[in-house]
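> Sharing run.tsv below, TSV, C-alpha atoms:
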chain	number	residue	atom	x	y	z
A	197	MET	CA	-8.46	3.73	51.53
A	198	SER	CA	-5.77	5.54	49.58
A	199	ASP	CA	-6.74	8.95	48.26
A	200	ASN	CA	-6.00	7.81	44.75
A	201	LEU	CA	-8.92	5.37	44.95
A	202	SER	CA	-11.30	8.32	44.68
A	203	ALA	CA	-11.36	7.83	40.90
A	204	VAL	CA	-13.58	4.84	40.19
A	205	GLY	CA	-14.49	3.03	36.99
A	206	VAL	CA	-17.69	1.01	37.20
A	207	LEU	CA	-17.89	-1.48	34.35
A	208	GLY	CA	-21.46	-2.34	33.42
A	209	THR	CA	-24.58	-0.23	32.90
A	210	GLY	CA	-27.19	-2.58	34.35
A	211	VAL	CA	-29.05	-1.83	37.55
A	212	VAL	CA	-26.16	-3.21	39.61
A	213	GLY	CA	-23.63	-0.89	37.97
A	214	GLU	CA	-25.92	2.14	38.06
A	215	THR	CA	-26.70	1.53	41.74
A	216	ILE	CA	-23.11	1.27	42.89
A	217	ALA	CA	-22.00	4.15	40.64
A	218	ALA	CA	-24.69	6.46	42.00
A	219	ARG	CA	-23.80	5.62	45.59
A	220	LEU	CA	-20.05	6.10	45.05
A	221	ALA	CA	-20.69	9.45	43.36
A	222	GLU	CA	-22.85	10.44	46.34
A	223	LEU	CA	-19.89	9.62	48.59
A	224	GLY	CA	-17.69	11.97	46.57
A	225	HIS	CA	-15.92	9.53	44.25
A	226	ASP	CA	-15.14	10.64	40.72
A	227	VAL	CA	-17.05	7.91	38.87
A	228	LEU	CA	-17.16	6.95	35.22
A	229	ILE	CA	-19.32	4.08	34.02
A	230	GLY	CA	-18.02	1.77	31.32
A	231	SER	CA	-20.25	0.44	28.57
A	232	ARG	CA	-19.83	-1.31	25.23
A	233	THR	CA	-20.28	2.08	23.54
A	234	ALA	CA	-19.89	5.60	24.94
A	235	LYS	CA	-23.20	7.32	25.63
A	236	SER	CA	-22.49	10.51	27.57
A	237	ASP	CA	-19.83	12.28	29.63
A	238	ARG	CA	-20.59	9.86	32.42
A	239	VAL	CA	-21.13	6.63	30.48
A	240	VAL	CA	-18.01	6.02	28.43
A	241	THR	CA	-16.34	3.01	26.83
A	242	PHE	CA	-15.10	0.16	28.99
A	243	ALA	CA	-11.55	1.20	28.08
A	244	ASP	CA	-12.05	4.83	29.07
A	245	ALA	CA	-13.75	3.94	32.34
A	246	ALA	CA	-10.97	1.49	33.19
A	247	ALA	CA	-8.26	4.02	32.35
A	248	HIS	CA	-10.02	6.60	34.54
A	249	GLY	CA	-10.44	4.48	37.64
A	250	HIS	CA	-7.76	3.70	40.17
A	251	LEU	CA	-10.41	1.42	41.66
A	252	LEU	CA	-12.54	-0.65	39.29
A	253	VAL	CA	-15.83	-2.45	39.82
A	254	ASN	CA	-16.88	-5.32	37.57
A	255	ALA	CA	-20.66	-4.99	37.47
A	256	THR	CA	-21.14	-6.80	34.18
A	257	GLY	CA	-22.93	-10.13	34.08
A	258	GLY	CA	-20.66	-12.91	35.23
A	259	LEU	CA	-21.07	-14.83	31.98
A	260	VAL	CA	-19.86	-11.91	29.83
A	261	SER	CA	-17.31	-10.37	32.18
A	262	ILE	CA	-14.24	-11.68	30.42
A	263	ASP	CA	-15.35	-10.06	27.17
A	264	ALA	CA	-16.12	-6.76	28.86
A	265	LEU	CA	-12.86	-6.77	30.78
A	266	THR	CA	-10.91	-7.61	27.64
A	267	ALA	CA	-12.37	-4.47	26.08
A	268	ALA	CA	-11.59	-2.56	29.28
A	269	ASN	CA	-7.99	-3.73	29.33
A	270	THR	CA	-6.89	-1.72	26.31
A	271	ALA	CA	-3.35	-0.52	26.97
A	272	GLY	CA	-3.21	-2.57	30.15
A	273	ALA	CA	-5.75	-0.45	32.00
A	274	LEU	CA	-6.38	-3.26	34.51
A	275	ASP	CA	-2.73	-3.67	35.47
A	276	GLY	CA	-2.23	-3.27	39.20
A	277	LYS	CA	-5.76	-2.04	39.74
A	278	VAL	CA	-8.02	-3.20	42.54
A	279	LEU	CA	-10.91	-4.85	40.68
A	280	ILE	CA	-13.96	-5.45	42.83
A	281	ASP	CA	-15.90	-8.29	41.26
A	282	VAL	CA	-19.57	-8.08	42.24
A	283	SER	CA	-20.68	-10.36	39.40
A	284	ASN	CA	-22.58	-13.62	39.53
A	285	PRO	CA	-22.65	-16.39	36.92
A	286	LEU	CA	-26.38	-16.18	36.26
A	287	ASP	CA	-27.89	-17.63	33.09
A	288	PHE	CA	-31.38	-16.25	32.44
A	289	SER	CA	-31.70	-17.97	29.07
A	290	GLU	CA	-34.36	-20.35	30.40
A	291	GLY	CA	-36.16	-17.77	32.53
A	292	PHE	CA	-36.42	-17.28	36.25
A	293	PRO	CA	-34.86	-18.46	38.46
A	294	PRO	CA	-31.63	-18.21	36.49
A	295	LYS	CA	-29.16	-21.04	36.48
A	296	VAL	CA	-26.15	-20.39	38.71
A	297	LEU	CA	-23.18	-21.57	36.65
A	298	ALA	CA	-20.64	-21.99	39.42
A	299	THR	CA	-19.28	-25.14	41.01
A	300	ASP	CA	-17.32	-25.77	44.15
A	301	ARG	CA	-14.19	-25.89	42.00
A	302	GLU	CA	-14.49	-22.69	39.96
A	303	SER	CA	-15.92	-19.18	40.10
A	304	CYS	CA	-16.31	-16.10	37.92
A	305	SER	CA	-13.78	-14.26	40.03
A	306	GLU	CA	-11.09	-16.88	39.56
A	307	ARG	CA	-11.66	-16.96	35.82
A	308	ILE	CA	-11.27	-13.17	35.76
A	309	GLN	CA	-8.11	-13.32	37.88
A	310	ALA	CA	-6.65	-15.99	35.61
A	311	ALA	CA	-7.45	-13.98	32.49
A	312	PHE	CA	-6.04	-10.74	33.94
A	313	PRO	CA	-3.24	-11.77	36.28
A	314	GLN	CA	-2.04	-8.17	36.74
A	315	ALA	CA	-5.39	-7.07	38.18
A	316	ARG	CA	-5.97	-7.47	41.90
A	317	VAL	CA	-9.40	-9.10	42.01
A	318	VAL	CA	-11.50	-8.96	45.19
A	319	LYS	CA	-14.88	-10.64	45.33
A	320	ALA	CA	-17.39	-8.54	47.24
A	321	LEU	CA	-21.04	-7.46	47.40
A	322	ASN	CA	-22.36	-10.29	45.20
A	323	THR	CA	-24.51	-11.87	47.94
A	324	MET	CA	-27.30	-9.34	48.25
A	325	ASN	CA	-29.36	-6.83	46.35
A	326	MET	CA	-26.98	-4.00	45.40
A	327	ALA	CA	-29.32	-1.33	46.77
A	328	LEU	CA	-28.81	-2.99	50.14
A	329	GLY	CA	-25.12	-3.65	49.58
A	330	VAL	CA	-24.36	0.05	49.12
A	331	ASN	CA	-26.76	1.13	51.89
A	332	PRO	CA	-26.35	-1.60	54.53
A	333	ARG	CA	-27.93	0.48	57.29
A	334	SER	CA	-31.25	0.28	55.45
A	335	LEU	CA	-31.70	-3.00	57.35
A	336	PRO	CA	-32.39	-2.45	61.04
A	337	ALA	CA	-29.94	-5.07	62.32
A	338	THR	CA	-26.42	-6.36	62.03
A	339	HIS	CA	-25.79	-8.40	58.89
A	340	SER	CA	-22.78	-9.75	57.03
A	341	THR	CA	-20.82	-9.07	53.88
A	342	PHE	CA	-17.88	-11.01	52.53
A	343	ILE	CA	-14.58	-10.40	50.79
A	344	ALA	CA	-12.22	-12.87	49.13
A	345	GLY	CA	-9.06	-12.25	47.16
A	346	ASN	CA	-5.40	-13.07	46.75
A	347	ASP	CA	-3.97	-9.62	47.51
A	348	ASP	CA	-4.20	-8.45	51.12
A	349	ASP	CA	-3.60	-4.80	50.27
A	350	ALA	CA	-6.42	-4.90	47.73
A	351	LYS	CA	-8.72	-6.50	50.33
A	352	ALA	CA	-7.79	-3.76	52.79
A	353	ASP	CA	-8.80	-1.15	50.21
A	354	VAL	CA	-12.12	-2.92	49.60
A	355	ARG	CA	-12.74	-3.22	53.32
A	356	ALA	CA	-12.16	0.52	53.66
A	357	LEU	CA	-14.58	1.21	50.81
A	358	LEU	CA	-17.20	-1.04	52.44
A	359	ARG	CA	-16.76	0.93	55.66
A	360	THR	CA	-17.53	4.17	53.81
A	361	LEU	CA	-20.72	2.56	52.46
A	362	GLY	CA	-21.83	1.98	56.04
A	363	TRP	CA	-20.67	-1.56	56.83
A	364	GLY	CA	-19.32	-2.10	60.31
A	365	ASP	CA	-15.84	-3.60	60.47
A	366	GLU	CA	-17.16	-6.65	62.32
A	367	GLU	CA	-19.77	-7.16	59.59
A	368	ILE	CA	-17.09	-7.67	56.93
A	369	LEU	CA	-15.92	-11.31	56.88
A	370	ASP	CA	-12.71	-12.14	55.04
A	371	LEU	CA	-13.01	-15.58	53.43
A	372	GLY	CA	-9.35	-15.75	52.50
A	373	ASP	CA	-8.06	-16.16	48.97
A	374	LEU	CA	-10.11	-15.88	45.81
A	375	THR	CA	-11.28	-19.50	45.93
A	376	GLY	CA	-13.68	-18.18	48.58
A	377	ALA	CA	-15.65	-16.74	45.66
A	378	ARG	CA	-16.94	-20.24	44.88
A	379	GLY	CA	-19.15	-20.42	47.94
A	380	LEU	CA	-20.19	-16.80	47.53
A	381	GLU	CA	-21.39	-17.45	43.98
A	382	LEU	CA	-23.01	-20.81	44.79
A	383	TYR	CA	-24.92	-19.12	47.61
A	384	LEU	CA	-26.95	-17.34	44.93
A	385	THR	CA	-29.04	-20.48	44.48
A	386	LEU	CA	-30.18	-20.21	48.09
A	387	TRP	CA	-30.51	-16.42	47.82
A	388	LEU	CA	-32.84	-16.70	44.83
A	389	ARG	CA	-35.02	-19.15	46.73
A	390	LEU	CA	-35.03	-17.04	49.87
A	391	MET	CA	-36.18	-14.09	47.81
A	392	GLY	CA	-39.38	-16.04	47.15
A	393	THR	CA	-39.83	-16.99	50.80
A	394	VAL	CA	-39.11	-13.48	52.09
A	395	GLY	CA	-41.21	-11.89	49.34
A	396	GLY	CA	-38.60	-9.55	47.88
A	397	PRO	CA	-34.88	-8.81	47.58
A	398	THR	CA	-34.44	-6.69	50.70
A	399	PHE	CA	-32.84	-9.22	53.01
A	400	ASN	CA	-29.41	-10.51	53.85
A	401	ILE	CA	-27.77	-13.09	56.06
A	402	HIS	CA	-25.99	-12.43	59.30
A	403	VAL	CA	-23.37	-14.92	60.42
A	404	VAL	CA	-24.23	-15.57	64.08
A	405	ARG	CA	-21.53	-17.07	66.29
A	406	ASP	CA	-21.21	-17.75	69.97
B	149	MET	CA	-46.67	-33.25	65.75
B	150	SER	CA	-48.78	-36.40	65.79
B	151	ASP	CA	-48.29	-38.62	68.80
B	152	ASN	CA	-47.36	-41.48	66.53
B	153	LEU	CA	-44.22	-39.60	65.51
B	154	SER	CA	-42.73	-40.40	68.90
B	155	ALA	CA	-41.15	-43.53	67.39
B	156	VAL	CA	-38.14	-42.39	65.36
B	157	GLY	CA	-35.70	-44.26	63.19
B	158	VAL	CA	-32.40	-42.47	62.65
B	159	LEU	CA	-30.53	-43.95	59.71
B	160	GLY	CA	-26.78	-43.53	60.01
B	161	THR	CA	-24.34	-44.04	62.87
B	162	GLY	CA	-21.95	-41.18	62.20
B	163	VAL	CA	-21.66	-38.17	64.47
B	164	VAL	CA	-24.66	-36.55	62.78
B	165	GLY	CA	-26.89	-39.53	63.40
B	166	GLU	CA	-25.65	-40.06	66.95
B	167	THR	CA	-26.16	-36.39	67.79
B	168	ILE	CA	-29.73	-36.19	66.56
B	169	ALA	CA	-30.62	-39.61	68.03
B	170	ALA	CA	-29.33	-38.63	71.46
B	171	ARG	CA	-31.23	-35.36	71.44
B	172	LEU	CA	-34.50	-36.98	70.30
B	173	ALA	CA	-34.15	-39.65	73.00
B	174	GLU	CA	-33.57	-36.87	75.54
B	175	LEU	CA	-36.84	-35.30	74.38
B	176	GLY	CA	-38.67	-38.57	75.02
B	177	HIS	CA	-38.75	-40.10	71.57
B	178	ASP	CA	-38.42	-43.85	71.21
B	179	VAL	CA	-35.34	-43.92	68.98
B	180	LEU	CA	-33.65	-46.72	67.11
B	181	ILE	CA	-30.54	-46.11	65.03
B	182	GLY	CA	-30.12	-47.89	61.75
B	183	SER	CA	-26.78	-49.23	60.58
B	184	ARG	CA	-25.46	-51.57	57.91
B	185	THR	CA	-25.30	-54.29	60.55
B	186	ALA	CA	-27.05	-54.57	63.92
B	187	LYS	CA	-24.80	-53.81	66.89
B	188	SER	CA	-26.97	-53.55	69.99
B	189	ASP	CA	-30.55	-53.13	71.17
B	190	ARG	CA	-30.31	-49.49	70.12
B	191	VAL	CA	-28.27	-49.79	66.93
B	192	VAL	CA	-30.14	-52.15	64.63
B	193	THR	CA	-30.27	-52.76	60.89
B	194	PHE	CA	-31.43	-50.03	58.54
B	195	ALA	CA	-34.55	-52.14	57.88
B	196	ASP	CA	-35.40	-52.60	61.56
B	197	ALA	CA	-34.87	-48.92	62.34
B	198	ALA	CA	-37.04	-47.90	59.41
B	199	ALA	CA	-39.79	-50.32	60.38
B	200	HIS	CA	-39.68	-49.00	63.94
B	201	GLY	CA	-39.93	-45.29	63.15
B	202	HIS	CA	-43.05	-43.42	62.19
B	203	LEU	CA	-40.67	-40.54	61.61
B	204	LEU	CA	-37.36	-41.25	59.89
B	205	VAL	CA	-34.15	-39.26	59.69
B	206	ASN	CA	-31.65	-39.82	56.89
B	207	ALA	CA	-28.33	-39.10	58.55
B	208	THR	CA	-26.22	-41.16	56.18
B	209	GLY	CA	-23.74	-39.47	53.89
B	210	GLY	CA	-25.49	-37.92	50.91
B	211	LEU	CA	-23.42	-39.91	48.43
B	212	VAL	CA	-24.45	-43.28	49.93
B	213	SER	CA	-27.97	-42.46	51.03
B	214	ILE	CA	-29.75	-44.27	48.21
B	215	ASP	CA	-27.97	-47.52	49.10
B	216	ALA	CA	-28.75	-47.14	52.80
B	217	LEU	CA	-32.37	-46.25	52.14
B	218	THR	CA	-32.73	-49.18	49.76
B	219	ALA	CA	-31.64	-51.43	52.62
B	220	ALA	CA	-34.01	-49.59	54.93
B	221	ASN	CA	-36.95	-49.98	52.59
B	222	THR	CA	-37.31	-53.71	53.06
B	223	ALA	CA	-41.03	-54.50	52.98
B	224	GLY	CA	-41.83	-50.91	52.07
B	225	ALA	CA	-40.78	-49.48	55.42
B	226	LEU	CA	-40.43	-45.99	53.90
B	227	ASP	CA	-43.96	-45.90	52.47
B	228	GLY	CA	-45.89	-42.92	53.73
B	229	LYS	CA	-43.23	-42.02	56.28
B	230	VAL	CA	-41.96	-38.54	56.91
B	231	LEU	CA	-38.27	-38.77	55.98
B	232	ILE	CA	-36.17	-35.87	57.22
B	233	ASP	CA	-33.14	-35.63	54.98
B	234	VAL	CA	-30.27	-33.93	56.81
B	235	SER	CA	-27.66	-35.24	54.38
B	236	ASN	CA	-25.18	-33.35	52.25
B	237	PRO	CA	-23.44	-34.55	49.08
B	238	LEU	CA	-19.92	-34.26	50.46
B	239	ASP	CA	-17.04	-36.09	48.81
B	240	PHE	CA	-14.03	-36.34	51.13
B	241	SER	CA	-12.05	-38.57	48.75
B	242	GLU	CA	-9.59	-35.76	48.02
B	243	GLY	CA	-9.38	-34.45	51.56
B	244	PHE	CA	-10.66	-31.28	53.19
B	245	PRO	CA	-12.57	-29.27	52.23
B	246	PRO	CA	-14.79	-31.93	50.68
B	247	LYS	CA	-16.30	-31.44	47.25
B	248	VAL	CA	-19.98	-30.48	47.37
B	249	LEU	CA	-21.56	-32.58	44.64
B	250	ALA	CA	-24.76	-30.61	44.12
B	251	THR	CA	-25.77	-28.30	41.31
B	252	ASP	CA	-28.52	-25.77	40.94
B	253	ARG	CA	-30.49	-28.41	39.06
B	254	GLU	CA	-30.28	-31.40	41.40
B	255	SER	CA	-29.94	-32.32	45.05
B	256	CYS	CA	-29.57	-35.37	47.27
B	257	SER	CA	-33.07	-34.88	48.57
B	258	GLU	CA	-34.63	-34.92	45.13
B	259	ARG	CA	-32.72	-38.06	44.19
B	260	ILE	CA	-34.00	-39.73	47.35
B	261	GLN	CA	-37.57	-38.59	46.68
B	262	ALA	CA	-37.36	-39.90	43.11
B	263	ALA	CA	-36.00	-43.26	44.27
B	264	PHE	CA	-38.62	-43.63	47.03
B	265	PRO	CA	-41.74	-41.85	45.76
B	266	GLN	CA	-43.88	-43.18	48.62
B	267	ALA	CA	-41.71	-41.50	51.25
B	268	ARG	CA	-42.47	-37.91	52.19
B	269	VAL	CA	-39.03	-36.29	52.07
B	270	VAL	CA	-38.38	-33.02	53.90
B	271	LYS	CA	-34.97	-31.37	53.70
B	272	ALA	CA	-33.98	-29.88	57.06
B	273	LEU	CA	-31.03	-29.26	59.39
B	274	ASN	CA	-28.33	-29.73	56.76
B	275	THR	CA	-27.02	-26.14	56.96
B	276	MET	CA	-25.28	-26.17	60.32
B	277	ASN	CA	-23.38	-28.33	62.74
B	278	MET	CA	-25.87	-30.88	64.07
B	279	ALA	CA	-24.97	-30.15	67.71
B	280	LEU	CA	-26.26	-26.64	67.03
B	281	GLY	CA	-29.19	-27.81	64.93
B	282	VAL	CA	-30.62	-29.88	67.76
B	283	ASN	CA	-29.78	-27.26	70.42
B	284	PRO	CA	-30.42	-23.96	68.63
B	285	ARG	CA	-30.55	-21.96	71.85
B	286	SER	CA	-26.86	-22.66	72.37
B	287	LEU	CA	-26.33	-19.56	70.20
B	288	PRO	CA	-27.24	-16.34	72.02
B	289	ALA	CA	-29.23	-14.79	69.18
B	290	THR	CA	-31.93	-15.43	66.64
B	291	HIS	CA	-30.83	-17.54	63.70
B	292	SER	CA	-32.47	-19.40	60.84
B	293	THR	CA	-33.23	-22.95	59.80
B	294	PHE	CA	-34.86	-24.11	56.59
B	295	ILE	CA	-37.33	-26.72	55.40
B	296	ALA	CA	-38.20	-27.79	51.86
B	297	GLY	CA	-40.45	-30.59	50.66
B	298	ASN	CA	-43.36	-31.55	48.45
B	299	ASP	CA	-45.79	-32.62	51.20
B	300	ASP	CA	-47.22	-29.83	53.36
B	301	ASP	CA	-48.36	-32.20	56.12
B	302	ALA	CA	-44.88	-33.67	56.33
B	303	LYS	CA	-43.38	-30.18	56.52
B	304	ALA	CA	-45.80	-29.31	59.32
B	305	ASP	CA	-44.62	-32.39	61.24
B	306	VAL	CA	-40.98	-31.37	60.74
B	307	ARG	CA	-41.72	-27.82	61.79
B	308	ALA	CA	-43.32	-29.16	64.97
B	309	LEU	CA	-40.28	-31.33	65.63
B	310	LEU	CA	-37.96	-28.35	65.11
B	311	ARG	CA	-40.06	-26.41	67.62
B	312	THR	CA	-39.50	-29.12	70.22
B	313	LEU	CA	-35.74	-28.87	69.58
B	314	GLY	CA	-35.93	-25.20	70.55
B	315	TRP	CA	-36.38	-23.39	67.23
B	316	GLY	CA	-38.73	-20.44	67.26
B	317	ASP	CA	-41.51	-20.59	64.69
B	318	GLU	CA	-40.25	-17.40	63.03
B	319	GLU	CA	-36.77	-18.92	62.76
B	320	ILE	CA	-38.05	-21.76	60.53
B	321	LEU	CA	-38.15	-20.65	56.88
B	322	ASP	CA	-40.14	-22.76	54.41
B	323	LEU	CA	-38.39	-22.72	51.02
B	324	GLY	CA	-41.27	-24.41	49.24
B	325	ASP	CA	-41.01	-27.68	47.37
B	326	LEU	CA	-38.08	-30.07	47.46
B	327	THR	CA	-36.17	-28.24	44.73
B	328	GLY	CA	-35.33	-25.80	47.55
B	329	ALA	CA	-32.87	-28.46	48.72
B	330	ARG	CA	-30.54	-27.43	45.88
B	331	GLY	CA	-29.65	-24.09	47.42
B	332	LEU	CA	-29.47	-25.64	50.89
B	333	GLU	CA	-26.92	-28.20	49.73
B	334	LEU	CA	-24.93	-25.74	47.60
B	335	TYR	CA	-24.70	-23.43	50.62
B	336	LEU	CA	-22.34	-26.00	52.16
B	337	THR	CA	-19.50	-24.63	50.03
B	338	LEU	CA	-19.90	-21.26	51.74
B	339	TRP	CA	-20.46	-22.92	55.13
B	340	LEU	CA	-17.20	-24.85	54.88
B	341	ARG	CA	-15.34	-21.65	54.08
B	342	LEU	CA	-17.03	-19.72	56.86
B	343	MET	CA	-15.97	-22.42	59.30
B	344	GLY	CA	-12.39	-21.42	58.56
B	345	THR	CA	-13.10	-17.71	58.96
B	346	VAL	CA	-15.11	-18.13	62.17
B	347	GLY	CA	-12.63	-20.67	63.54
B	348	GLY	CA	-15.01	-23.53	64.22
B	349	PRO	CA	-18.40	-25.05	63.40
B	350	THR	CA	-20.49	-23.24	66.02
B	351	PHE	CA	-22.12	-20.60	63.87
B	352	ASN	CA	-25.17	-20.23	61.71
B	353	ILE	CA	-26.82	-17.68	59.46
B	354	HIS	CA	-29.78	-15.53	60.34
B	355	VAL	CA	-31.90	-14.21	57.50
B	356	VAL	CA	-32.33	-10.51	58.31
B	357	ARG	CA	-35.17	-8.65	56.62
B	358	ASP	CA	-36.65	-5.22	56.96
The structure given in the file should be rewritten as structure tokens.


Amino acid sequence: MSDNLSAVGVLGTGVVGETIAARLAELGHDVLIGSRTAKSDRVVTFADAAAHGHLLVNATGGLVSIDALTAANTAGALDGKVLIDVSNPLDFSEGFPPKVLATDRESCSERIQAAFPQARVVKALNTMNMALGVNPRSLPATHSTFIAGNDDDAKADVRALLRTLGWGDEEILDLGDLTGARGLELYLTLWLRLMGTVGGPTFNIHVVRD
Amino acid sequence: MSDNLSAVGVLGTGVVGETIAARLAELGHDVLIGSRTAKSDRVVTFADAAAHGHLLVNATGGLVSIDALTAANTAGALDGKVLIDVSNPLDFSEGFPPKVLATDRESCSERIQAAFPQARVVKALNTMNMALGVNPRSLPATHSTFIAGNDDDAKADVRALLRTLGWGDEEILDLGDLTGARGLELYLTLWLRLMGTVGGPTFNIHVVRD
């Protein structure tokens, strides 16, 4: 990971954003969190967080990400940036489990990439509880995490960041270009069901091969 | 598994149906394969295969299963039967990868159950290559397989059958009622992508928990 990725802007103040921001700060990153309105020295506007970060994380809800990123993109703050999209298109309007508003022909990540063509979007860390995603060694076995994106250099940066979080290189599976985000988002329907079977969110899948 | 489940009707003559039929015959089941038209002593009509089996396997393509099962259901041959649905709603009309025509609000299995309310549908074995599904120990590690259905006795029969194929009891995860089939079918979009990353179909996921 380039040194200049030490400055991170995490967009979104929900539990996902707070979790990844806290972990990145623990690892020594200079993190600002972006919100609709500034709240403190650490929680600033989307635009200020995006201007601050050389690496950006979209941790807003997948259904409102375009709005949040439009606010963040003041003065072209997304241009050229690596934008890790951890969002999922979950609609909680009818309760739990939420609807998963993806299809095998579209994804949140692709909509974001299309809306902000100068950003370098990489889908990552959307397939598990974020507490586990940023502390993968809290599970006592090998498991898998996925990346997808159109820019190989951006994926290399995200892979390096995942390594610093504790992921083994062989645990990081590259699904190719950003259309790989479709399967990663659709998987949430199975994930939500598995959460009921397992009895909580602390689980993940490992891709086992021969 | 009840002794009377030794007679099996496998509906569908594609590679999926042939693979599961061969393995069940190897295990001592009395297997007939159902097809649109009878071809041999072993490959008979859908109706004859359904009448023969106390346990039935839907191995037709998910988009044509209702038609095949309608043919199979002559004289109520599906009534009361355990019907293992291994199908997936794959549309190859525009090439590879196929479209996965499921949503988080419907599945092939539920459509089948609704069309044949007297059958006891259990979704199983749709999330991996069937050669692996019927020979799980061909992978050198623990991995996971899933069942979903509305009838607990039917699920117990399917679990017992999976055990005879080589699945460990702890590897079989019960996702609850048949709406669990939605996530299992939607997962195919990720599976198809993973096949490209892994470089072939011989892989599966293991649900890792703490």

> Could you check the closest approach to chain A for each of B:Val158, B:Leu203, B:Leu309, B:Ala289 and tell me which residue wins, using only C-alpha atoms?

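Looking only at the distances to chain A, the closest residue turns out to be B:Ala289.
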
> Using 8 Å as the limit and counting all atoms listed in the file, can you tabulate each residue of chain B that touches chain A, with its shortest atom-to-atom distance in Å and the two atoms involved, as a tab-separated table?


residue	atom	partner	partner_atom	distance
B:Lys247	CA	A:Asp300	CA	6.5
B:Val248	CA	A:Asp300	CA	6.3
B:Thr251	CA	A:Thr299	CA	7.2
B:Asp252	CA	A:Val296	CA	6.3
B:Arg253	CA	A:Lys295	CA	7.9
B:Ser286	CA	A:Asp406	CA	7.9
B:Leu287	CA	A:Asp406	CA	5.4
B:Pro288	CA	A:Asp406	CA	6.5
B:Ala289	CA	A:Val404	CA	7.2
B:His291	CA	A:Val404	CA	6.9
B:Leu321	CA	A:Thr393	CA	7.3
B:Asp322	CA	A:Thr393	CA	6.8
B:Leu323	CA	A:Thr393	CA	5.9
B:Gly324	CA	A:Thr393	CA	7.7
B:Gly328	CA	A:Arg389	CA	6.7
B:Arg330	CA	A:Thr385	CA	7.2
B:Gly331	CA	A:Leu386	CA	4.0
B:Leu332	CA	A:Leu386	CA	6.2
B:Leu334	CA	A:Leu382	CA	6.0
B:Tyr335	CA	A:Tyr383	CA	5.3
B:Leu336	CA	A:Gly379	CA	7.7
B:Thr337	CA	A:Gly379	CA	4.7
B:Leu338	CA	A:Gly379	CA	4.0
B:Trp339	CA	A:Gly379	CA	7.7
B:Arg341	CA	A:Leu371	CA	6.5
B:Leu342	CA	A:Leu371	CA	6.7
B:Gly344	CA	A:Leu371	CA	7.8
B:Thr345	CA	A:Leu371	CA	5.9
B:Val346	CA	A:Arg405	CA	7.7
B:Thr350	CA	A:Arg405	CA	6.3
B:Phe351	CA	A:Arg405	CA	4.3
B:Asn352	CA	A:Val404	CA	5.3
B:Ile353	CA	A:Val403	CA	4.5
B:His354	CA	A:His402	CA	5.0
B:Val355	CA	A:Ile401	CA	4.5
B:Val356	CA	A:Asn400	CA	5.3
B:Arg357	CA	A:Phe399	CA	4.3
B:Asp358	CA	A:Leu335	CA	5.4

> Which of these, A:Asn331, A:Thr341, A:Thr270, A:Ser289, has the shortest distance to Asp244 in chain A once you count all atoms listed in the file?

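Looking at the shortest contact to Asp244 in chain A, the residue is A:Thr270.
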
> Which residue gives the smallest distance to Val191 in chain B among B:Met276, B:Val270, B:Leu159, B:Val212, with all atoms listed in the file counted?

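Under the stated criterion, the closest residue is B:Leu159.
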
> Report the distance between CA of Gly162 in chain B and CA of Ile181 in chain B in Å, rounded to one decimal place.

10.3 Å

> Can you tell me how far CA of Ser283 in chain A sits from CA of Arg238 in chain A, in Å to one decimal?

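Interatomic distance here is 21.4 Å.
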
> My list of candidates is B:Glu254, B:Asp325, B:Asp233, B:Glu174. Which is closest to Val205 in chain B when distances are computed with only C-alpha atoms?

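When distances to Val205 in chain B are compared using only C-alpha atoms, the smallest one comes from B:Asp233.
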
> Residues near Leu153 in chain B, anyone? I mean within 12 Å using all atoms listed in the file, not counting same-chain ones fewer than 5 positions away, as an NGL selection string.

:B and (172 or 176-179 or 200-205 or 229-231 or 302 or 305-306 or 308-309)

> Report, in Å to a single decimal, how far apart CA of Val234 in chain B and CA of Asn274 in chain B are.

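CA of Asn274 in chain B sits 4.6 Å away from CA of Val234 in chain B.
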
> List as a PyMOL selection string: which residues have an atom within 12 Å of (-6.7, -3.7, 31.5), counting all atoms listed in the file?

chain A and resi 205+207+242-252+254+262-279+308-309+311-316

> Within 8 Å of Arg219 in chain A, counting only C-alpha atoms, which residues show up once you throw out same-chain ones fewer than 4 positions away? Write them as JSON, numbers by chain, please.

{"A": [215, 223, 330]}

> With 6 Å added on each side, what axis-aligned box encloses every listed atom of range 383-399 of chain A? Give the centre and edge lengths in Å to one decimal, as JSON.


{"center_x": -33.1, "center_y": -13.6, "center_z": 48.7, "size_x": 28.3, "size_y": 25.8, "size_z": 20.5}
